[in-house]
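Reading through the structure tokens given below for one structure.
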Amino acid sequence: MKHNSIMDQNHSLELEKNFLKHIGYEHGNLLCDELDQKEAEWRDLKTPESLDRWFYQFHKKYKRRIQRRKFTSSFIKKAAIILLAFLGIQAMLITTVEAYRFRFFDTIINFTSKFTQIDFVENEPDDMVNLPKDWAGKYYLSYIPEGYQLVNSEFEHGNGYLKYENGLGEVFRFFWISGESTTLRTDSDDKDMKKVMIHDEEAFLLKKDKMINLHWILNQDILTLEATGLRNNEIIKVAEKIKQLK
Amino acid sequence: MLAILLMIDDREKRDKLEELYITYHKELFFVAFQILKDYYDAEDVIQTAFVKIIKHLDKISKIKCKKTRAYLVIIVRNLSYDRYNEKKKIITKDFSEEFGEDAYKDTDISLEQYVLNLEKGKELAAALNKINPSYADILTLRYFYELSNPEIGELINLSSDLVSVRLHRAKAALKKILSKGWDYNET
């Protein structure tokens, strides 16, 4: 019932509006009719010249204002487009420079690798940049701690050995022993032993004085990392980044 | 100077304001002069009217039509009344003086009255114009041209409140006309 009364009210208001609109329409017609009847009087009426002059000036100012507004709006649009283009170019340049920098350092690293000069190469884990040119061992390290250089390497019958030094008397070695039936046994006497995970494999981290040993099994091979100047997390990182030669 | 304007044959290039002036300036001047009986005042009113119209040019879609013509006439004649009253220091006669104070308290028009009187719109408009041309004009600006009260006020130099009051009184006057019958404008 309430809905009906609101509906009736709205309907009534609409009717009133339309009725008054109709009155307005008729009023407008009457005004025009009245002027038409008096056309003879106003058709030949001489309006003051000053009115025409005023209008001419007024119109000129109006047009100028419109043009200024148009110019301002088109200028703002153009400025916005230029700004966007500028920002876009700047972003492209930044991207290009970044990409170029990467390429540049890649070249340096590749170049130095030819001379077995191994530097920090964290950005290039997939590249065998820290190995001798003719390396054919089963594994290699894709991450070498900063300052270390390869000083010795050997591989024979599936077993291998890599030795790195940092020039401060600190050494770390990586060696692996191939053997399908080999089980991992280590002497943990007098050493702190901790179990860590290298990917999904359980590993043993043993520490005595400055020496750290990490042993784990990968593809039925026994892998060992031995270091004197590295921290636990550093040696674990080296282990995680060990890759198999394809 | 007008000759120069008229020489512009390319109508497409003329803007709306120029077209309005060229088409209607004479009759608008006539409307103002009829009320004011003074060339300078009439000229002044036309200038004021165009300054005001320019702000509402978007309301005009077609130049040569009755709707636009009546719109301009309403603006000019109301500005002319205003100027006339201002000069003569006349306080406008109110509807209440004609019909009494209570006349505009109730402005509701019944549905039957709308339906029965719809085809008598012309007579009703004429009657309302006779009572007070300003009422008919304000009602037309509000309902036919669909302007808001502030817009109407700006166009014809009235405050928004006064527009509202006059609208109310215009409706009351219309109701009175309806209740008295068509002969009202004949009396």
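Order determines the names: the first chain of the structure tokens is A, the second B, and so forth; residues in each chain are numbered 1 upward, and ligands are numbered 1 upward as they are shown.
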Give me the residues of chain B that have any atom at most 8 Å from an atom of chain A; for each, the nearest atom pair and the distance in Å, rounded to one decimal. Use only C-alpha atoms, sort by chain and number, and format it as a tab-separated table.
```
residue	atom	partner	partner_atom	distance
B:Met1	CA	A:Asp52	CA	6.2
B:Leu2	CA	A:Asp52	CA	5.9
B:Leu17	CA	A:His59	CA	7.6
B:Glu18	CA	A:His59	CA	7.2
B:Lys26	CA	A:Trp42	CA	6.4
B:Glu27	CA	A:Trp42	CA	5.7
B:Phe29	CA	A:Thr47	CA	7.1
B:Phe30	CA	A:Trp42	CA	5.8
B:Tyr39	CA	A:Pro48	CA	7.7
B:Glu43	CA	A:Leu51	CA	6.2
B:Gln47	CA	A:Leu51	CA	7.6
B:Lys66	CA	A:Cys32	CA	6.6
B:Lys67	CA	A:Gly28	CA	6.8
B:Arg69	CA	A:Cys32	CA	7.0
B:Ala70	CA	A:Gly28	CA	5.0
B:Tyr71	CA	A:Gly28	CA	7.5
B:Val73	CA	A:Leu31	CA	7.6
B:Ile109	CA	A:Glu16	CA	7.6
B:Leu111	CA	A:Ser12	CA	6.9
B:Tyr114	CA	A:Phe19	CA	6.3
B:Leu118	CA	A:Phe19	CA	6.7
B:Gly121	CA	A:Ile23	CA	5.2
B:Lys122	CA	A:Glu26	CA	5.1
B:Leu124	CA	A:Ile23	CA	6.9
B:Ala125	CA	A:His27	CA	5.1
B:Ala126	CA	A:His27	CA	6.8
B:Asn129	CA	A:His27	CA	7.8
B:Ala136	CA	A:His27	CA	6.9
B:Asp137	CA	A:Gly24	CA	7.7
B:Leu139	CA	A:Gly24	CA	6.3
B:Thr140	CA	A:Gly24	CA	3.9
B:Leu141	CA	A:Gly24	CA	7.4
B:Tyr143	CA	A:Lys21	CA	4.7
B:Phe144	CA	A:Lys21	CA	4.6
```
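Interatomic distance, CA of Ile198 (chain A) to CA of Ile236 (chain A): 7.3 Å.
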* Asked: Using only C-alpha atoms, which of the listed residues (B:His168, B:Asn132, B:Leu72, B:Glu86) sits closest to Asn149 (chain B)?
  ->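 Going through B:His168, B:Asn132, B:Leu72, B:Glu86 one by one, the smallest distance to Asn149 (chain B) is for B:His168.
The interatomic distance for the pair CA of Ile222 (chain A) and CA of Ser178 (chain A) works out to 6.5 Å.
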* Return the single residue from A:Leu162, A:Val171, A:Ile217, A:Leu141 that is closest to Lys241 (chain A), with distances computed using only C-alpha atoms. =>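 Smallest separation from Lys241 (chain A) among the options: A:Leu141.
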* Shortest interatomic distance to Ile177 (chain A) - which of A:His215, A:Lys163, A:His199, A:Lys194, counting only C-alpha atoms ->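 Ranked by minimum distance to Ile177 (chain A), first place goes to A:His215.
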* To do: Could you check which of B:Arg166, B:Lys62, B:Lys87, B:Lys52 is closest to Ile75 (chain B), using only C-alpha atoms?
  => B:Lys52
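Residues with any atom within 12 Å of Asp200 (chain A), counting only C-alpha atoms and excluding same-chain neighbours fewer than 4 positions away, are Val196, Trp216, Ile217, Leu218, Asn219 and Glu240 of chain A.
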Write the residues of the preceding selection, restricted to N, CA and C atoms, as an mmCIF file, in the first residue's frame.
```cif
data_model
loop_
_atom_site.group_PDB
_atom_site.id
_atom_site.type_symbol
_atom_site.label_atom_id
_atom_site.label_comp_id
_atom_site.auth_asym_id
_atom_site.auth_seq_id
_atom_site.Cartn_x
_atom_site.Cartn_y
_atom_site.Cartn_z
ATOM 1 N N VAL A 196 71.984 -30.590 8.268
ATOM 2 C CA VAL A 196 71.350 -29.544 7.447
ATOM 3 C C VAL A 196 70.791 -30.217 6.185
ATOM 4 N N TRP A 216 77.470 -34.957 2.114
ATOM 5 C CA TRP A 216 76.115 -35.416 1.744
ATOM 6 C C TRP A 216 76.192 -36.317 0.523
ATOM 7 N N ILE A 217 75.096 -36.946 0.242
ATOM 8 C CA ILE A 217 75.080 -37.875 -0.895
ATOM 9 C C ILE A 217 74.194 -37.285 -1.993
ATOM 10 N N LEU A 218 74.731 -37.306 -3.217
ATOM 11 C CA LEU A 218 73.955 -36.819 -4.362
ATOM 12 C C LEU A 218 74.150 -37.808 -5.504
ATOM 13 N N ASN A 219 73.064 -38.312 -6.041
ATOM 14 C CA ASN A 219 73.124 -39.299 -7.134
ATOM 15 C C ASN A 219 74.047 -40.476 -6.775
ATOM 16 N N GLU A 240 74.664 -25.834 -2.127
ATOM 17 C CA GLU A 240 73.379 -25.759 -2.839
ATOM 18 C C GLU A 240 73.553 -25.405 -4.310
#
```
* Asked: In Å, with one decimal, what is the gap from CA of Glu151 (chain B) to CA of Glu34 (chain A)?
  ->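 Between CA of Glu151 (chain B) and CA of Glu34 (chain A) the gap is 25.9 Å.
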Could you pull the residues within 8 Å of Lys195 (chain A), counting only C-alpha atoms, minus those fewer than 4 positions along the same chain, as a PDB file with C-alpha atoms, in the first residue's frame?
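This went into part_9.pdb:
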```pdb
ATOM      1  CA  GLU A 202      70.316 -34.663   4.480  1.00  0.00           C
ATOM      2  CA  ALA A 203      73.857 -33.389   5.043  1.00  0.00           C
ATOM      3  CA  PHE A 204      76.253 -33.367   7.981  1.00  0.00           C
ATOM      4  CA  LEU A 205      77.992 -30.170   8.918  1.00  0.00           C
TER       5      LEU A 205
END
```
